[in-house]
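*Asks:* Got a structure for you, written out below as structure tokens; questions coming shortly.
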Amino acid sequence: MTFLLVGLSHHVAPVELRERVTLDTAAAAGLARSLGDAVCLSTCNRTELYLAGGSEEEAAAALEAIAGEPLDGVLYRLHEDAAAQHLFRVAAGLDSLVPGEGEILGQVRDAYEAVTPGPVLDHVFRQALGVGKRVRTETAIGESPASVSSAAAALAAQVFGDLAGRRVLLVGAGRIGELAAANLASRGAEIAFVANRTEETARELAHRFGGTPLRLDELSAHLGDVDVVVSSTSAPEPVLRADEIPARRRTPLFFIDIAVPRDLDPEIAKLGGCFLYDIDDLEAVVAETLSGRRAEAARAEELVAEETERFRSWRASLDVVPAIASLRALAEQIRSAELAKVRVSDDERRTLESVTAQILNKLLHLPTVRMKEAAVSADGAVYADAVRHLFGLDDE
Amino acid sequence: MVEALFWPALLGYGEAAFAYASARTSRLATWGVRLGFVAQTLLLAVQAERAGGFPWWSFAGSLNLFVWLIVGAYLIWGCRPRYRLLGLAVMPFAAALFVVAGLGGAAHSAGHPDYGSVFLVLHVGFVLAAFAGFTLAAALAGLYLWEERRLKRRAPDILRLRLPPLASLERLTRRTVLVSLPLLTLGLAAGLGRLAHEHESLDALEVVTLATWGVYGGIAALHPTGRRAAWLAIGGFALVVVARLALAGSHFA
């Protein structure tokens, strides 16, 4: 039963094509079921069909039907170890746009759990989920933020530690500012105030985050009540000057300025207890953490290679399993038949059963071990054929 | 024979002093600290058993105990990966002091002290334990200042070379001072009581130690925050260094 993969991803297919073949979980599971023993992994960056014993051409045709055009030159087709290695890399986030991103592992799990795969797919997907977890625990690939908004939240946490109970003032309704506020809120911070040029937008945002709306001219009056200020207005002039910052604070004040032109007076950075990061600073931090992720990716690739080798050994061991099972069944059949011919008491039969079973186990132990070892070193098929021939297992 | 335990302890501390410099070898460094600490604990235990009391009343002996207390305090929570750079601050200092202690003959068993063990435990033991705590507090304060500087300068690698958050460093520094200060108070009280009993006057070491108590007492009472608190902890530690290294010789003599 061949394990294979047919699919396309952001490496080879433009977004216009990918968006046509992107399926939700239910549709992906439906496609997988229509192909037999299969799992369909479909995200915004890839649509891949993993099959055990299915038809490669049928899978390609199914994707082409969804895309509505031939996919020659775009589809990749991988088999056995190469397909497993690809899946492990995907689960580890190594094949993602941002190396080590964590969302893909959940998507792999969803795709696997949406169908009832056979033993090969079940094994390889469970192993892939294990690889994904292992890479994230044994390397630091997923530790650092990969976006400006998550970097802003991570930097605030670097100042305050636990953000639970920390109060945030969100200034403006810029998209990245909102994302940064959402990131801070997801770490436990409270969006206490939302200030905007238009009162209606301030009210709407404050309602969404559960904060209090403010006018821009009320900012400085509330700085003593917050720990983090996130600003992303489109104002042409700074909305906050250094001389408006309250002096002699006991706790730090962390400013995130995501606006261009900048909203916050750069002189704020010189004030004691104040930390100011603008968009360039945040992008530099993200670039640095991404380069760190790439360095960690090299270690993650080693783990993937190790797991691919384990998969290969497992697949090879499958070659000898039927031969081992047949040999043991034959031996058991002979033992039972010979014991049936003996006329003894029940006690004596029990003793004979036990002794003969032990003899069989001892006799077959070494050949079983040797065959499994041979399977790992790729001689498994030769050994399995020899055993079948010597014991006439195919003649049954 | 017991003197041989000095060397594995020194080896462990020395290895840690260098291995903490790299994230890749920091786990090895932590094991160096642990193994060194076990060896030194055995050394101290055998010395105490042989002396039948408190044998670290000499300058070198007290330095030996001081190093053990510093490493012990560090081991309480310093082995966590994020505190790797704390190890880089503490372990070279501890290893260097241990070498000085070794050169002074700390590995050898001491003779009988002139004072009773209870007084020595109260005075020497408590003062050294407090000094060990202040050493750790200074290392934490140093990390705070460094991290604060990196945040201020917006270092791009701020999230790659990740230290504990500023708030954690500040909180731990203060807690360490608050735990150590009562020990110093008790140790000083025991020493001053003995001085009063023997009608002796204060020597230079005792004056500096009282000043140290004043600095840390100020930190405890005034609850400074941020850079000011960190600099005060480091200033107090400078007095500890003066007391422990520059003036201790005459006091123990």
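Chains: A, B, ... in order of the structure tokens. Residues: from 1 per chain. Ligands: from 1, in order shown.
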Tell me which protein, DNA and RNA residues are within 7 Å of region 159-169 of chain B, counting only C-alpha atoms, leaving out same-chain ones fewer than 3 positions away, and put them as a PDB file with N, CA and C atoms, in the first residue's frame.
*Replies:*
ATOM      1  N   SER A 144       9.547  33.303  19.527  1.00  0.00           N
ATOM      2  CA  SER A 144       9.604  34.751  19.294  1.00  0.00           C
ATOM      3  C   SER A 144       8.469  35.204  18.403  1.00  0.00           C
ATOM      4  N   ALA A 157       5.432  42.666  27.596  1.00  0.00           N
ATOM      5  CA  ALA A 157       5.610  41.599  28.589  1.00  0.00           C
ATOM      6  C   ALA A 157       7.048  41.565  29.095  1.00  0.00           C
ATOM      7  N   GLN A 158       7.990  41.998  28.252  1.00  0.00           N
ATOM      8  CA  GLN A 158       9.390  42.033  28.679  1.00  0.00           C
ATOM      9  C   GLN A 158       9.610  43.104  29.752  1.00  0.00           C
ATOM     10  N   VAL A 159       8.759  44.117  29.738  1.00  0.00           N
ATOM     11  CA  VAL A 159       8.844  45.159  30.771  1.00  0.00           C
ATOM     12  C   VAL A 159       8.059  44.747  32.015  1.00  0.00           C
ATOM     13  N   PHE A 160       6.806  44.334  31.803  1.00  0.00           N
ATOM     14  CA  PHE A 160       5.910  44.136  32.953  1.00  0.00           C
ATOM     15  C   PHE A 160       5.821  42.690  33.429  1.00  0.00           C
ATOM     16  N   GLY A 161       6.324  41.753  32.648  1.00  0.00           N
ATOM     17  CA  GLY A 161       6.122  40.349  32.993  1.00  0.00           C
ATOM     18  C   GLY A 161       4.695  39.964  32.657  1.00  0.00           C
ATOM     19  N   THR A 289      13.989  38.512  15.242  1.00  0.00           N
ATOM     20  CA  THR A 289      13.418  37.259  15.754  1.00  0.00           C
ATOM     21  C   THR A 289      13.197  36.264  14.615  1.00  0.00           C
ATOM     22  N   GLY A 292      16.305  34.599  14.009  1.00  0.00           N
ATOM     23  CA  GLY A 292      16.479  33.596  15.068  1.00  0.00           C
ATOM     24  C   GLY A 292      15.679  32.351  14.770  1.00  0.00           C
TER      25      GLY A 292
ATOM     26  N   ARG B  82      15.956  31.241  31.593  1.00  0.00           N
ATOM     27  CA  ARG B  82      15.920  32.692  31.421  1.00  0.00           C
ATOM     28  C   ARG B  82      16.885  33.421  32.344  1.00  0.00           C
ATOM     29  N   TYR B  83      17.313  32.733  33.400  1.00  0.00           N
ATOM     30  CA  TYR B  83      18.222  33.361  34.356  1.00  0.00           C
ATOM     31  C   TYR B  83      19.677  32.973  34.078  1.00  0.00           C
ATOM     32  N   LEU B 140      21.158  40.477  40.324  1.00  0.00           N
ATOM     33  CA  LEU B 140      19.822  40.724  39.753  1.00  0.00           C
ATOM     34  C   LEU B 140      19.674  42.186  39.351  1.00  0.00           C
ATOM     35  N   TYR B 144      19.002  43.860  35.770  1.00  0.00           N
ATOM     36  CA  TYR B 144      17.916  44.826  35.579  1.00  0.00           C
ATOM     37  C   TYR B 144      18.426  46.032  34.775  1.00  0.00           C
ATOM     38  N   GLU B 148      17.180  47.021  31.153  1.00  0.00           N
ATOM     39  CA  GLU B 148      16.511  48.308  31.024  1.00  0.00           C
ATOM     40  C   GLU B 148      17.186  49.152  29.941  1.00  0.00           C
ATOM     41  N   LEU B 172      12.395  40.431  42.384  1.00  0.00           N
ATOM     42  CA  LEU B 172      13.308  39.450  42.988  1.00  0.00           C
ATOM     43  C   LEU B 172      14.430  40.139  43.754  1.00  0.00           C
ATOM     44  N   THR B 173      14.924  41.247  43.199  1.00  0.00           N
ATOM     45  CA  THR B 173      15.983  41.993  43.887  1.00  0.00           C
ATOM     46  C   THR B 173      15.474  42.446  45.259  1.00  0.00           C
TER      47      THR B 173
END
*Asks:* For a quick test of understanding: name the residues of chain A lying within 9 Å of chain B when counting only C-alpha atoms, and present them as an MDAnalysis selection string.
*Replies:* chainID A and resid 143:145 151 154:155 157:162 250:252 269:270 272:277 281:289 292
*Asks:* Write out as an mmCIF file with C-alpha atoms, in the first residue's frame which residues come within 6 Å of region 100-115 of chain A when counting only C-alpha atoms, dropping same-chain ones fewer than 3 positions away.
*Replies:*
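And here's result.cif as it stands now:
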data_model
loop_
_atom_site.group_PDB
_atom_site.id
_atom_site.type_symbol
_atom_site.label_atom_id
_atom_site.label_comp_id
_atom_site.auth_asym_id
_atom_site.auth_seq_id
_atom_site.Cartn_x
_atom_site.Cartn_y
_atom_site.Cartn_z
ATOM 1 C CA ALA A 29 -12.958 15.824 4.592
ATOM 2 C CA LEU A 41 -5.044 19.340 4.434
ATOM 3 C CA ALA A 91 3.447 20.097 10.934
ATOM 4 C CA GLY A 93 5.921 24.887 10.592
ATOM 5 C CA LEU A 94 9.097 24.567 8.512
ATOM 6 C CA ILE A 141 11.484 28.225 16.714
ATOM 7 C CA GLY A 142 8.033 29.307 17.855
#
*Asks:* Enumerate, as number ranges by chain, the complete set of residues in region 143-253 of chain A that a backbone-based DSSP assignment places in strand (DSSP E).
*Replies:* A: 167-171, 190-196, 212-215, 228-231, 253
*Asks:* Based on the backbone DSSP call, show me all residues of region 251-314 of chain A assigned alpha helix (DSSP H), as a PyMOL selection string.
*Replies:* chain A and resi 279-314
*Asks:* Show me, as a PyMOL selection string, the residues that have an atom within 10 Å of Trp213 (chain B) when counting only C-alpha atoms, minus same-chain residues fewer than 5 positions from it.
*Replies:* chain B and resi 130+181-182+184-185+188+207-208+218-219+236+239-240
*Asks:* Could you turn the residues from that selection into a file that holds C-alpha atoms, as a tab-separated table (two decimals), in the first residue's frame?
*Replies:*
chain	number	residue	atom	x	y	z
B	130	ALA	CA	23.09	38.08	54.37
B	181	LEU	CA	18.43	42.20	55.81
B	182	PRO	CA	17.04	40.47	58.95
B	184	LEU	CA	22.43	40.86	58.70
B	185	THR	CA	20.57	42.53	61.55
B	188	LEU	CA	25.37	42.41	63.56
B	207	VAL	CA	31.81	50.34	60.48
B	208	VAL	CA	31.51	49.37	56.80
B	218	GLY	CA	17.07	52.30	53.28
B	219	ILE	CA	16.04	50.09	50.36
B	236	GLY	CA	25.31	48.19	48.91
B	239	LEU	CA	30.28	47.87	50.55
B	240	VAL	CA	29.92	44.09	50.89
*Asks:* Report as an mmCIF file with C-alpha atoms, in the first residue's frame all protein, DNA and RNA residues lying within 12 Å of Gly72 (chain B), evaluated on only C-alpha atoms, omitting residues in the same chain fewer than 6 positions from it.
*Replies:*
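Output saved as selection.cif:
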data_model
loop_
_atom_site.group_PDB
_atom_site.id
_atom_site.type_symbol
_atom_site.label_atom_id
_atom_site.label_comp_id
_atom_site.auth_asym_id
_atom_site.auth_seq_id
_atom_site.Cartn_x
_atom_site.Cartn_y
_atom_site.Cartn_z
ATOM 1 C CA TYR B 13 32.143 26.276 39.615
ATOM 2 C CA VAL B 33 27.058 24.351 39.622
ATOM 3 C CA ARG B 34 25.065 21.439 41.040
ATOM 4 C CA LEU B 35 27.984 19.010 41.148
ATOM 5 C CA GLY B 36 30.324 21.670 42.520
ATOM 6 C CA PHE B 37 27.797 22.520 45.203
ATOM 7 C CA VAL B 38 27.450 18.869 46.217
ATOM 8 C CA GLN B 40 31.557 21.734 48.500
ATOM 9 C CA THR B 41 28.684 20.699 50.774
ATOM 10 C CA LEU B 65 31.269 29.272 53.613
ATOM 11 C CA PHE B 66 30.413 32.542 51.853
ATOM 12 C CA GLY B 78 18.855 30.640 39.267
ATOM 13 C CA CYS B 79 19.037 27.508 37.134
ATOM 14 C CA VAL B 90 27.303 35.087 39.911
ATOM 15 C CA MET B 91 29.428 32.070 39.064
ATOM 16 C CA ALA B 94 31.870 32.701 43.244
ATOM 17 C CA ALA B 129 24.246 34.476 54.618
ATOM 18 C CA ALA B 132 25.412 36.072 49.984
ATOM 19 C CA GLY B 133 21.864 37.334 49.544
ATOM 20 C CA THR B 135 25.520 39.400 46.229
ATOM 21 C CA LEU B 136 22.616 37.756 44.468
#
*Asks:* Please list as a list in words every residue within 6 Å of Ile234 (chain B), counting only C-alpha atoms and excluding residues in the same chain fewer than 3 positions away.
*Replies:*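 Counting only C-alpha atoms, the residues come to Ala138, Trp231 and Phe237 of chain B.
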*Asks:* Would you pick out the contacts of Ser231 (chain A) at 10 Å or less, using only C-alpha atoms, so that residues sharing its chain but fewer than 3 positions from it are not included, and give the list as a list in words?
*Replies:*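 Neighbouring residues, sequence-local ones excluded: Leu169, Leu170, Val171, Gly172, Ala173, Gly174, Ile176, Gly177, Glu178, Ala180, Ala181, Val194, Ala195, Asn196, Val228, Ser234, Val239, Leu240, Phe255, Ile256, Asp257, Ile258, Ala259, Arg262, Asp263, Leu264 and Asp278 of chain A.
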*Asks:* Could you check the closest approach to Asn45 (chain A) for each of A:Val90, A:Ala83, A:Ala192, A:Leu71 and tell me which residue wins, using only C-alpha atoms?
*Replies:*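 Among A:Val90, A:Ala83, A:Ala192, A:Leu71, it is A:Val90 that comes nearest to Asn45 (chain A).
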*Asks:* So how many Å separate CA of Arg187 (chain A) and CA of Ser232 (chain A), to one decimal?
*Replies:* 20.1 Å
